[in-house]
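> Contents of target_26.txt (compact mmCIF, C-alpha atoms) are given next:
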# COMPACT_ATOMS: atom_id res chain seq x y z
CA MET Z 1 -0.26 31.77 31.56
CA SER Z 2 -0.55 28.71 29.33
CA GLU Z 3 1.73 28.30 26.35
CA LYS Z 4 0.02 28.82 23.01
CA LYS Z 5 0.35 25.83 20.69
CA GLY Z 6 0.93 26.22 16.98
CA PRO Z 7 -0.89 23.93 14.50
CA ILE Z 8 2.17 21.73 13.86
CA LYS Z 9 2.88 21.33 17.59
CA GLY Z 10 -0.76 20.34 18.05
CA ILE Z 11 -0.48 17.67 15.35
CA ARG Z 12 2.71 16.28 16.92
CA ASP Z 13 1.14 16.16 20.39
CA ARG Z 14 -1.92 14.37 18.99
CA ILE Z 15 0.27 11.72 17.33
CA SER Z 16 2.17 11.13 20.58
CA GLU Z 17 -1.12 10.93 22.47
CA LEU Z 18 -2.50 8.31 20.06
CA TRP Z 19 0.69 6.27 20.23
CA ASN Z 20 0.93 6.44 24.02
CA GLN Z 21 -2.61 5.10 24.42
CA TYR Z 22 -1.06 1.74 23.54
CA PRO Z 23 2.42 1.59 25.10
CA ASN Z 24 2.56 -2.06 24.08
CA TRP Z 25 0.19 -1.80 21.14
CA GLY Z 26 1.66 -4.86 19.47
CA LYS Z 27 0.37 -6.98 22.35
CA ILE Z 28 -3.25 -5.84 22.02
CA PRO Z 29 -5.29 -9.06 21.82
CA GLN Z 30 -7.80 -7.33 19.53
CA PHE Z 31 -5.16 -6.35 16.95
CA LEU Z 32 -6.91 -8.04 14.02
CA GLU Z 33 -10.36 -6.96 15.20
CA LEU Z 34 -9.19 -3.34 15.24
CA LEU Z 35 -7.57 -3.77 11.85
CA GLU Z 36 -10.69 -5.23 10.24
CA LYS Z 37 -13.12 -2.91 12.00
CA GLY Z 38 -15.48 -1.30 9.51
CA LEU Z 39 -14.09 -3.13 6.47
CA ASP Z 40 -17.19 -5.29 5.99
CA LYS Z 41 -19.19 -2.10 5.56
CA GLU Z 42 -16.61 -0.09 3.60
CA LEU Z 43 -15.79 -2.90 1.14
CA PHE Z 44 -19.28 -4.40 0.87
CA VAL Z 45 -20.50 -5.01 -2.68
CA ASP Z 46 -24.14 -5.84 -3.44
CA PRO Z 47 -24.08 -8.15 -6.49
CA ASP Z 48 -27.75 -7.38 -7.22
CA LYS Z 49 -27.16 -3.64 -7.36
CA LYS Z 50 -25.72 -2.33 -10.62
CA GLU Z 51 -22.85 -0.03 -9.68
CA ILE Z 52 -22.01 2.84 -12.01
CA PRO Z 53 -18.30 2.52 -12.88
CA ILE Z 54 -16.00 5.46 -12.23
CA PRO Z 55 -15.28 7.08 -15.63
CA LEU Z 56 -11.83 6.29 -16.96
CA GLU Z 57 -10.91 9.97 -17.20
CA ASP Z 58 -11.58 10.42 -13.45
CA LEU Z 59 -9.19 7.66 -12.38
CA PRO Z 60 -5.62 8.48 -11.29
CA VAL Z 61 -3.26 8.36 -14.26
CA ASP Z 62 -0.49 5.77 -14.09
CA GLU Z 63 2.26 7.84 -15.68
CA VAL Z 64 5.73 6.67 -16.71
CA LEU Z 65 7.02 5.98 -13.18
CA ARG Z 66 5.47 2.54 -12.79
CA LYS Z 67 3.97 1.88 -16.20
CA SER Z 68 4.43 -1.67 -17.54
CA GLY Z 69 6.51 -2.16 -20.65
CA PHE Z 70 5.76 -4.06 -23.84
CA PHE Z 71 6.88 -7.49 -22.59
CA ARG Z 72 4.86 -7.29 -19.36
CA ASN Z 73 1.73 -6.23 -21.24
CA LEU Z 74 2.30 -9.04 -23.76
CA TYR Z 75 2.67 -11.52 -20.88
CA GLU Z 76 -0.68 -10.37 -19.47
CA ILE Z 77 -2.26 -11.04 -22.87
CA LEU Z 78 -0.70 -14.49 -23.38
CA PHE Z 79 -1.08 -15.60 -19.75
CA PRO Z 80 -4.14 -13.71 -18.52
CA VAL Z 81 -5.25 -13.80 -14.91
CA SER Z 82 -8.71 -15.34 -14.82
CA HIS Z 83 -9.77 -14.80 -11.22
CA VAL Z 84 -8.69 -14.63 -7.61
CA PHE Z 85 -10.22 -16.41 -4.63
CA ARG Z 86 -9.75 -15.73 -0.96
CA ILE Z 87 -8.54 -18.98 0.57
CA THR Z 88 -9.13 -19.97 4.18
CA TYR Z 89 -9.64 -23.14 6.24
CA ARG Z 90 -13.05 -24.73 6.87
CA TYR Z 91 -14.44 -28.25 7.10
CA LYS Z 92 -10.93 -29.55 7.88
CA ARG Z 93 -9.57 -28.51 4.49
CA GLU Z 94 -8.83 -25.45 2.32
CA PHE Z 95 -11.93 -23.41 1.47
CA LEU Z 96 -12.27 -20.88 -1.37
CA ASP Z 97 -14.63 -17.91 -1.20
CA ASN Z 98 -15.01 -14.27 -2.28
CA PHE Z 99 -14.65 -14.97 -6.01
CA MET Z 100 -13.12 -11.99 -7.87
CA PRO Z 101 -13.28 -12.22 -11.70
CA LEU Z 102 -10.44 -10.54 -13.59
CA SER Z 103 -9.47 -9.96 -17.21
CA LYS Z 104 -6.50 -8.67 -19.19
CA ASP Z 105 -8.40 -5.40 -19.66
CA GLY Z 106 -8.53 -5.05 -15.89
CA TYR Z 107 -4.74 -5.02 -15.54
CA ILE Z 108 -3.92 -1.51 -14.32
CA GLY Z 109 -0.20 -1.81 -13.69
CA ARG Z 110 2.40 -2.83 -11.16
CA GLY Z 111 4.03 -1.51 -8.04
CA SER Z 112 7.29 -2.64 -6.47
CA TYR Z 113 5.59 -5.50 -4.64
CA LYS Z 114 2.20 -6.04 -6.28
CA PHE Z 115 0.28 -6.35 -9.54
CA VAL Z 116 -2.92 -4.28 -9.65
CA TYR Z 117 -6.18 -5.36 -11.30
CA LYS Z 118 -9.48 -3.53 -11.53
CA LEU Z 119 -12.51 -5.52 -10.42
CA PRO Z 120 -15.86 -5.34 -12.30
CA TRP Z 121 -17.08 -3.07 -9.50
CA ASN Z 122 -15.33 0.05 -8.17
CA GLN Z 123 -12.57 -1.78 -6.32
CA VAL Z 124 -9.13 -3.15 -7.09
CA VAL Z 125 -7.36 -6.31 -6.01
CA LYS Z 126 -3.59 -6.24 -5.59
CA ILE Z 127 -1.74 -9.53 -6.01
CA GLY Z 128 1.61 -9.96 -4.29
CA LYS Z 129 4.68 -10.50 -6.47
CA SER Z 130 7.16 -13.25 -5.68
CA LYS Z 131 9.95 -11.79 -3.56
CA LEU Z 132 13.14 -13.21 -2.09
CA PRO Z 133 13.63 -13.14 1.69
CA SER Z 134 16.65 -10.90 1.07
CA ASP Z 135 14.40 -8.04 -0.06
CA ALA Z 136 14.62 -4.90 2.07
CA ILE Z 137 10.95 -5.13 3.02
CA PHE Z 138 11.69 -8.18 5.19
CA GLY Z 139 13.54 -6.39 7.98
CA SER Z 140 12.94 -6.04 11.70
CA LEU Z 141 9.14 -5.92 11.36
CA PHE Z 142 9.16 -9.23 9.48
CA LYS Z 143 11.11 -10.74 12.38
CA GLU Z 144 8.55 -9.25 14.78
CA VAL Z 145 5.74 -10.97 12.87
CA GLY Z 146 7.62 -14.28 12.94
CA ARG Z 147 8.11 -14.15 16.71
CA ASP Z 148 4.36 -14.35 17.35
CA ILE Z 149 2.43 -15.02 14.16
CA SER Z 150 -0.86 -15.45 16.05
CA ARG Z 151 -0.97 -11.66 16.60
CA PHE Z 152 -1.10 -11.03 12.87
CA LEU Z 153 -3.00 -14.00 11.40
CA LYS Z 154 -6.54 -15.14 12.08
CA PRO Z 155 -6.95 -18.62 13.63
CA GLU Z 156 -8.34 -20.02 10.37
CA GLU Z 157 -5.32 -18.63 8.49
CA ILE Z 158 -2.93 -20.38 10.85
CA GLU Z 159 -4.95 -23.58 10.43
CA LEU Z 160 -4.75 -23.17 6.65
CA ARG Z 161 -0.97 -22.67 6.81
CA ASP Z 162 -0.52 -25.81 8.91
CA TYR Z 163 -2.87 -27.80 6.69
CA LEU Z 164 -1.05 -26.77 3.49
CA LYS Z 165 2.28 -27.75 5.04
CA THR Z 166 0.94 -31.27 5.71
CA LYS Z 167 0.16 -31.62 1.98
CA THR Z 168 3.83 -31.46 0.98
CA ILE Z 169 6.89 -33.45 2.04
CA ARG Z 170 9.47 -30.96 0.74
CA ASP Z 171 11.03 -28.76 3.39
CA SER Z 172 11.63 -25.99 0.84
CA LYS Z 173 7.92 -25.94 0.03
CA LYS Z 174 7.01 -25.80 3.73
CA ASP Z 175 9.39 -22.85 4.16
CA GLU Z 176 7.82 -21.11 1.17
CA ILE Z 177 4.33 -21.50 2.68
CA ASP Z 178 5.59 -20.15 6.02
CA PHE Z 179 7.19 -17.21 4.26
CA LYS Z 180 4.00 -16.25 2.41
CA PHE Z 181 1.87 -16.29 5.56
CA LYS Z 182 4.45 -14.20 7.43
CA ARG Z 183 4.41 -11.73 4.54
CA LEU Z 184 0.61 -11.49 4.89
CA GLY Z 185 1.08 -10.62 8.56
CA LEU Z 186 3.78 -8.10 7.63
CA GLU Z 187 1.47 -6.27 5.21
CA ARG Z 188 -1.07 -5.91 8.00
CA LEU Z 189 1.57 -4.61 10.40
CA HIS Z 190 2.78 -1.97 7.92
CA TYR Z 191 -0.81 -0.88 7.33
CA TRP Z 192 -1.52 -0.68 11.07
CA LYS Z 193 1.52 1.52 11.71
CA LEU Z 194 -0.11 4.31 9.71
CA LYS Z 195 -3.78 3.44 10.17
CA SER Z 196 -3.46 3.78 13.95
CA LEU Z 197 -2.04 7.31 13.63
CA ILE Z 198 -3.86 8.87 10.67
CA PRO Z 199 -6.91 6.59 10.19
CA ASP Z 200 -8.92 9.04 8.09
CA LEU Z 201 -6.13 9.44 5.54
CA VAL Z 202 -5.41 5.73 4.92
CA VAL Z 203 -7.49 4.00 2.23
CA PRO Z 204 -9.50 1.09 3.76
CA THR Z 205 -7.68 -2.14 2.85
CA ARG Z 206 -8.41 -5.79 3.53
CA PHE Z 207 -5.43 -8.17 3.47
CA PHE Z 208 -6.03 -11.86 2.77
CA MET Z 209 -4.34 -14.98 1.48
CA GLY Z 210 -5.35 -15.38 -2.15
CA MET Z 211 -5.43 -18.13 -4.73
CA ARG Z 212 -4.65 -16.62 -8.12
CA VAL Z 213 -5.59 -18.46 -11.32
CA ARG Z 214 -3.63 -17.57 -14.48
CA ASN Z 215 -4.29 -19.37 -17.78
CA ASN Z 216 -1.62 -20.28 -20.32
CA PRO Z 217 -2.20 -19.93 -24.12
CA LEU Z 218 -3.71 -23.44 -24.17
CA GLY Z 219 -6.23 -22.51 -21.50
CA ILE Z 220 -4.57 -24.63 -18.81
CA PRO Z 221 -4.83 -22.88 -15.42
CA ASN Z 222 -1.83 -22.24 -13.22
CA VAL Z 223 -2.79 -21.72 -9.56
CA THR Z 224 -0.60 -19.71 -7.16
CA LEU Z 225 -0.93 -19.08 -3.43
CA THR Z 226 -0.06 -15.45 -2.71
CA PRO Z 227 -0.92 -12.62 -0.29
CA CYS Z 228 -3.42 -10.13 -1.72
CA ASP Z 229 -5.30 -7.05 -0.67
CA GLN Z 230 -8.52 -5.36 -1.73
CA GLN Z 231 -9.27 -1.62 -1.81
CA PRO Z 232 -11.92 0.77 -3.09
CA LEU Z 233 -11.11 2.44 -6.39
CA LEU Z 234 -11.06 6.21 -5.97
CA ALA Z 235 -11.59 9.02 -8.44
CA GLY Z 236 -8.88 11.64 -8.23
CA LYS Z 237 -5.30 12.52 -9.08
CA HIS Z 238 -2.01 11.03 -7.92
CA LEU Z 239 0.41 13.52 -6.46
CA LYS Z 240 2.73 12.80 -9.39
CA GLU Z 241 0.08 14.17 -11.77
CA PHE Z 242 0.87 17.63 -10.39
CA THR Z 243 4.59 17.35 -11.16
CA ILE Z 244 6.42 19.42 -13.76
CA ARG Z 245 9.50 17.69 -15.12
CA ASN Z 246 11.57 20.67 -16.12
CA GLU Z 247 14.87 19.94 -14.41
CA LYS Z 248 16.77 16.71 -15.09
CA LEU Z 249 19.11 15.44 -12.37
CA ASP Z 250 22.66 14.53 -13.37
CA GLN Z 251 23.62 10.84 -13.05
CA ASN Z 252 26.11 8.71 -14.94
CA PRO Z 253 25.45 8.32 -18.72
CA ILE Z 254 24.00 4.79 -18.38
CA MET Z 255 21.56 5.74 -15.61
CA ASP Z 256 20.62 8.91 -17.50
CA LYS Z 257 19.66 6.81 -20.49
CA LEU Z 258 17.91 3.88 -18.76
CA PHE Z 259 16.57 5.42 -15.54
CA PRO Z 260 16.39 9.21 -15.89
CA LYS Z 261 15.57 11.21 -12.75
CA TRP Z 262 13.89 14.58 -12.57
CA LYS Z 263 13.57 17.22 -9.89
CA LEU Z 264 9.93 17.16 -8.82
CA ASN Z 265 8.47 20.63 -9.15
CA PHE Z 266 4.73 20.95 -8.60
CA ASP Z 267 1.87 22.92 -10.09
CA SER Z 268 -1.22 22.70 -7.88
CA HIS Z 269 -3.15 24.80 -10.44
CA ARG Z 270 -3.78 21.49 -12.20
CA PHE Z 271 -6.51 21.01 -9.60
CA GLY Z 272 -8.57 23.45 -11.63
CA VAL Z 273 -10.66 25.91 -9.69
CA ILE Z 274 -10.52 25.08 -5.98
CA SER Z 275 -11.25 27.19 -2.93
CA LYS Z 276 -8.44 28.29 -0.63
CA SER Z 277 -10.20 26.59 2.33
CA LYS Z 278 -9.90 23.20 0.60
CA LEU Z 279 -6.24 23.83 -0.18
CA LYS Z 280 -5.66 24.67 3.49
CA LYS Z 281 -7.35 21.41 4.55
CA ILE Z 282 -5.10 19.43 2.18
CA ALA Z 283 -2.04 21.31 3.49
CA VAL Z 284 -2.97 20.51 7.12
CA ASP Z 285 -3.40 16.81 6.26
CA PHE Z 286 -0.04 16.80 4.48
CA ASN Z 287 1.54 18.29 7.61
CA ARG Z 288 0.00 15.44 9.60
CA VAL Z 289 1.71 13.00 7.22
CA ILE Z 290 5.00 14.85 7.71
CA GLU Z 291 4.71 14.66 11.50
CA VAL Z 292 3.91 10.92 11.36
CA THR Z 293 6.92 10.39 9.09
CA LYS Z 294 9.16 12.23 11.57
CA PHE Z 295 7.63 10.38 14.52
CA LEU Z 296 8.23 6.92 13.03
CA ALA Z 297 11.81 7.85 12.09
CA GLU Z 298 12.68 9.27 15.52
CA GLU Z 299 10.76 6.89 17.80
CA GLU Z 300 10.65 3.66 15.82
CA LYS Z 301 13.71 4.05 13.55
CA LEU Z 302 11.44 3.32 10.60
CA ILE Z 303 11.18 5.12 7.28
CA PHE Z 304 7.65 5.68 6.01
CA ASP Z 305 8.38 4.97 2.35
CA ILE Z 306 5.88 7.29 0.72
CA HIS Z 307 6.15 8.42 -2.89
CA ALA Z 308 4.14 10.60 -5.24
CA GLU Z 309 2.29 7.55 -6.61
CA ASN Z 310 1.14 6.49 -3.11
CA ILE Z 311 -0.80 9.71 -2.52
CA ILE Z 312 -4.11 10.65 -4.12
CA ILE Z 313 -6.21 13.80 -3.98
CA THR Z 314 -9.79 12.58 -4.39
CA LEU Z 315 -12.32 14.30 -6.63
CA PRO Z 316 -14.74 16.00 -6.32
CA ASP Z 317 -14.28 16.36 -2.53
CA PHE Z 318 -10.51 17.12 -2.60
CA GLU Z 319 -9.42 14.85 0.24
CA LEU Z 320 -5.95 13.45 0.81
CA LYS Z 321 -5.68 9.64 0.82
CA ILE Z 322 -2.66 7.32 1.16
CA PHE Z 323 -2.38 3.72 -0.04
CA ASP Z 324 0.10 0.94 -0.88
CA PHE Z 325 2.82 2.18 1.45
CA HIS Z 326 5.49 0.28 3.34
CA VAL Z 327 7.80 1.07 6.22
CA PHE Z 328 11.47 0.07 6.21
CA ASP Z 329 14.28 0.01 8.76
CA ASP Z 330 16.17 3.31 8.65
CA TYR Z 331 19.58 1.63 8.36
CA LEU Z 332 18.58 0.38 4.90
CA TYR Z 333 18.57 3.95 3.60
CA GLU Z 334 21.56 6.08 2.71
CA PRO Z 335 20.98 9.77 3.46
CA SER Z 336 21.21 11.90 0.33
CA GLU Z 337 23.70 14.73 -0.09
CA GLU Z 338 20.92 17.28 0.43
CA ASN Z 339 19.38 15.74 3.56
CA PRO Z 340 21.10 14.50 6.74
CA THR Z 341 18.41 11.89 7.54
CA PRO Z 342 16.66 9.56 5.06
CA GLU Z 343 13.08 10.45 6.01
CA MET Z 344 13.73 14.04 4.86
CA ASP Z 345 13.88 12.88 1.23
CA HIS Z 346 10.20 11.90 1.50
CA ILE Z 347 9.23 14.92 3.58
CA GLN Z 348 10.84 17.31 1.12
CA ILE Z 349 8.62 16.09 -1.72
CA ILE Z 350 5.50 16.83 0.33
CA GLU Z 351 6.80 20.23 1.42
CA GLU Z 352 7.50 21.20 -2.18
CA PHE Z 353 3.92 20.31 -3.08
CA ILE Z 354 2.52 22.39 -0.20
CA LYS Z 355 4.59 25.38 -1.34
CA SER Z 356 2.95 25.18 -4.75
CA PHE Z 357 -0.40 26.01 -3.06
CA GLU Z 358 0.91 29.57 -2.58
CA LEU Z 359 -0.77 29.85 0.82
CA ASP Z 360 0.42 32.21 3.55
Take the structure in this file and express it as structure tokens.

Amino acid sequence: MSEKKGPIKGIRDRISELWNQYPNWGKIPQFLELLEKGLDKELFVDPDKKEIPIPLEDLPVDEVLRKSGFFRNLYEILFPVSHVFRITYRYKREFLDNFMPLSKDGYIGRGSYKFVYKLPWNQVVKIGKSKLPSDAIFGSLFKEVGRDISRFLKPEEIELRDYLKTKTIRDSKKDEIDFKFKRLGLERLHYWKLKSLIPDLVVPTRFFMGMRVRNNPLGIPNVTLTPCDQQPLLAGKHLKEFTIRNEKLDQNPIMDKLFPKWKLNFDSHRFGVISKSKLKKIAVDFNRVIEVTKFLAEEEKLIFDIHAENIIITLPDFELKIFDFHVFDDYLYEPSEENPTPEMDHIQIIEEFIKSFELD
């Protein structure tokens, strides 16, 4: 008599099955082809077709957690970003294409590692912030990218890197160029870790080396080479929009004043009227995310660093989507007093949200 599998056991077995299809997945020659598969179609924009913009009220709300302050917003006004190009290598020199016009009104906000700008069509471009090599994001996976960069960069990107290095005589500048191209490869690797396991839940994203143009108050452009990525803009609600901040966590007086923390309680009734079948589908997808989080922690010793602002419930179809995530080495996390392992801090947030559905 065969053993009956529960839904969670089935999810876990499916994740293991997907992972085991590629016992040495990092050595797949078609890594970049798999990563880019379908993006030309999913991110295609017809310039001759007038696209109806998503209404502002339907966009996810950027609440206090990552909202820019007065000085950052003032900086965006005084030194506005004009546009971003994708830069590659053709005709034996750098080549700019895929022009993306930006404006100060298109500045949406910032994450830990990127600035986010809305494009004139229903997409966003995310421009990498300057980061020091000592940042926690540059752990074992960054070293993995550096060991064989050709797995993570296209041939023309490697040619561009080498060409740009020939244009400077300073070793520090050459190292900076190397670092930026490795970071581009790292972003793709982080994305692939989740995209290979839960492809339908991860927002389609194209990573590229960008050339950002920012103008000073005199109109003089300042050009910066930086990794970027491009995503569709989705209508919906961030997970944090369902939070109820009714219980403040105790910290020291300084942290309480400058960086207050709240216990995240959820109210899924903010969905409005939604059928129980849709809530069940969202709950199943959240359990898939939980199982992937556990799998990466146990098998890869990596923490899937997912937060309430990295999860969106789309409207009107009520689908779960994940974006702008990273994975970190588990030794960089200190387990909290409540949880014995660091990944449980992230899992607990999702479980609390599922409980608010009041399903059996």
> Which residues of segment 168-252 of chain Z have any atom within 8 Å of an atom in segment 31-50 of chain Z when counting all atoms listed in the file, and what is the closest pair of atoms for each, with the distance in Å to one decimal? Order the rows by chain and rising number and write it as CSV.

residue,atom,partner,partner_atom,distance
Z:Arg188,CA,Z:Leu35,CA,7.9
Z:Trp192,CA,Z:Leu35,CA,6.8
Z:Pro204,CA,Z:Leu39,CA,6.8
Z:Thr205,CA,Z:Leu39,CA,7.4
Z:Arg206,CA,Z:Leu39,CA,6.9
Z:Gln231,CA,Z:Leu43,CA,7.3
Z:Pro232,CA,Z:Leu43,CA,6.8
> Using all atoms listed in the file, find the one residue out of Z:Leu302, Z:Ile149, Z:Cys228, Z:Ile52 that sits nearest to Trp121 of chain Z.
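For Trp121 of chain Z, the nearest of the candidates is Z:Ile52.
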> Which protein, DNA or RNA residues are at most 12 Å from (-3.3, -4.3, 0.8) in the file's coordinates when you count all atoms listed in the file, listed as a PyMOL selection string?
chain Z and resi 35+111+113-116+123-128+183-192+202-210+227-232+322-326
> For Arg161 of chain Z, which of Z:Leu218, Z:Ile349, Z:Ala136, Z:Ile87 is the closest residue, counting all atoms listed in the file?
Z:Ile87
> Name the closest residue to Asp135 of chain Z among the candidates Z:Asn73, Z:Ser112, Z:Ser82, Z:Ser150; distances are taken between atoms, counting only C-alpha atoms.
Z:Ser112
> Calculated over all atoms listed in the file, which of the candidates Z:Ser103, Z:Lys154, Z:Pro342, Z:Lys180 has the smallest distance to Leu132 of chain Z?
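Result for the nearest residue to Leu132 of chain Z: Z:Lys180.
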> Can you work out which one of Z:His307, Z:Arg214, Z:Lys278, Z:Lys237 has the shortest atom-to-atom distance to Ile350 of chain Z, counting only C-alpha atoms?
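Of the candidates, the smallest distance to Ile350 of chain Z is held by Z:His307.
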> List the neighbours of Lys281 of chain Z out to 9 Å using all atoms listed in the file; skip same-chain residues closer than 4 positions along the sequence, and give me the result as a short mmCIF file (atom, residue, chain, number, x, y, z; two decimals) with C-alpha atoms, in the frame of the given file.

data_model
loop_
_atom_site.label_atom_id
_atom_site.label_comp_id
_atom_site.auth_asym_id
_atom_site.auth_seq_id
_atom_site.Cartn_x
_atom_site.Cartn_y
_atom_site.Cartn_z
CA LYS Z 276 -8.44 28.29 -0.63
CA SER Z 277 -10.20 26.59 2.33
CA ASP Z 285 -3.40 16.81 6.26
CA PHE Z 286 -0.04 16.80 4.48
CA PHE Z 318 -10.51 17.12 -2.60
CA GLU Z 319 -9.42 14.85 0.24
CA LEU Z 320 -5.95 13.45 0.81
#
> Find the residues around Arg90 of chain Z up to 9 Å (only C-alpha atoms counted), leave out those fewer than 6 positions away in its own chain, and share them as a PyMOL selection string.
chain Z and resi 156+159-160
> List as JSON, numbers by chain the protein and nucleic acid residues near Val289 of chain Z, meaning an atom at most 9 Å away when only C-alpha atoms are counted, but skip any in the same chain fewer than 6 places from it.
{"Z": [198, 201, 347, 350]}
> Could you state the separation of atom CA of Leu102 of chain Z and atom CA of Leu59 of chain Z in Å, given to one decimal place?
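We find that atom CA of Leu102 of chain Z and atom CA of Leu59 of chain Z lie 18.3 Å from each other.
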> In Å, with one decimal, what is the gap from atom CA of Gly106 of chain Z to atom CA of Glu241 of chain Z?
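One can read the atom CA of Gly106 of chain Z to atom CA of Glu241 of chain Z distance as 21.5 Å.
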> Restricting the calculation to all atoms listed in the file: of Z:Glu343, Z:Glu352, Z:Glu300, Z:Glu144, which residue gets closest to Phe242 of chain Z?
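Using all atoms listed in the file, Phe242 of chain Z sits closest to Z:Glu352.
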> Hey, what's within 12 Å of Val81 of chain Z if we count all atoms listed in the file and toss same-chain stuff fewer than 5 positions away? As a PyMOL selection string, please?
chain Z and resi 75-76+100-107+115-119+125+127+211-217+219-224
> Restricting it to C-alpha atoms, dump the selection as an mmCIF file, in the frame of the given file.

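Output below, filename out.cif:
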data_model
loop_
_atom_site.group_PDB
_atom_site.id
_atom_site.type_symbol
_atom_site.label_atom_id
_atom_site.label_comp_id
_atom_site.auth_asym_id
_atom_site.auth_seq_id
_atom_site.Cartn_x
_atom_site.Cartn_y
_atom_site.Cartn_z
ATOM 1 C CA TYR Z 75 2.670 -11.520 -20.880
ATOM 2 C CA GLU Z 76 -0.680 -10.370 -19.470
ATOM 3 C CA MET Z 100 -13.120 -11.990 -7.870
ATOM 4 C CA PRO Z 101 -13.280 -12.220 -11.700
ATOM 5 C CA LEU Z 102 -10.440 -10.540 -13.590
ATOM 6 C CA SER Z 103 -9.470 -9.960 -17.210
ATOM 7 C CA LYS Z 104 -6.500 -8.670 -19.190
ATOM 8 C CA ASP Z 105 -8.400 -5.400 -19.660
ATOM 9 C CA GLY Z 106 -8.530 -5.050 -15.890
ATOM 10 C CA TYR Z 107 -4.740 -5.020 -15.540
ATOM 11 C CA PHE Z 115 0.280 -6.350 -9.540
ATOM 12 C CA VAL Z 116 -2.920 -4.280 -9.650
ATOM 13 C CA TYR Z 117 -6.180 -5.360 -11.300
ATOM 14 C CA LYS Z 118 -9.480 -3.530 -11.530
ATOM 15 C CA LEU Z 119 -12.510 -5.520 -10.420
ATOM 16 C CA VAL Z 125 -7.360 -6.310 -6.010
ATOM 17 C CA ILE Z 127 -1.740 -9.530 -6.010
ATOM 18 C CA MET Z 211 -5.430 -18.130 -4.730
ATOM 19 C CA ARG Z 212 -4.650 -16.620 -8.120
ATOM 20 C CA VAL Z 213 -5.590 -18.460 -11.320
ATOM 21 C CA ARG Z 214 -3.630 -17.570 -14.480
ATOM 22 C CA ASN Z 215 -4.290 -19.370 -17.780
ATOM 23 C CA ASN Z 216 -1.620 -20.280 -20.320
ATOM 24 C CA PRO Z 217 -2.200 -19.930 -24.120
ATOM 25 C CA GLY Z 219 -6.230 -22.510 -21.500
ATOM 26 C CA ILE Z 220 -4.570 -24.630 -18.810
ATOM 27 C CA PRO Z 221 -4.830 -22.880 -15.420
ATOM 28 C CA ASN Z 222 -1.830 -22.240 -13.220
ATOM 29 C CA VAL Z 223 -2.790 -21.720 -9.560
ATOM 30 C CA THR Z 224 -0.600 -19.710 -7.160
#
> Between atom CA of Leu239 of chain Z and atom CA of Ile312 of chain Z, measure the distance and give it in Å to one decimal.
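For atom CA of Leu239 of chain Z relative to atom CA of Ile312 of chain Z, the distance reads 5.8 Å.
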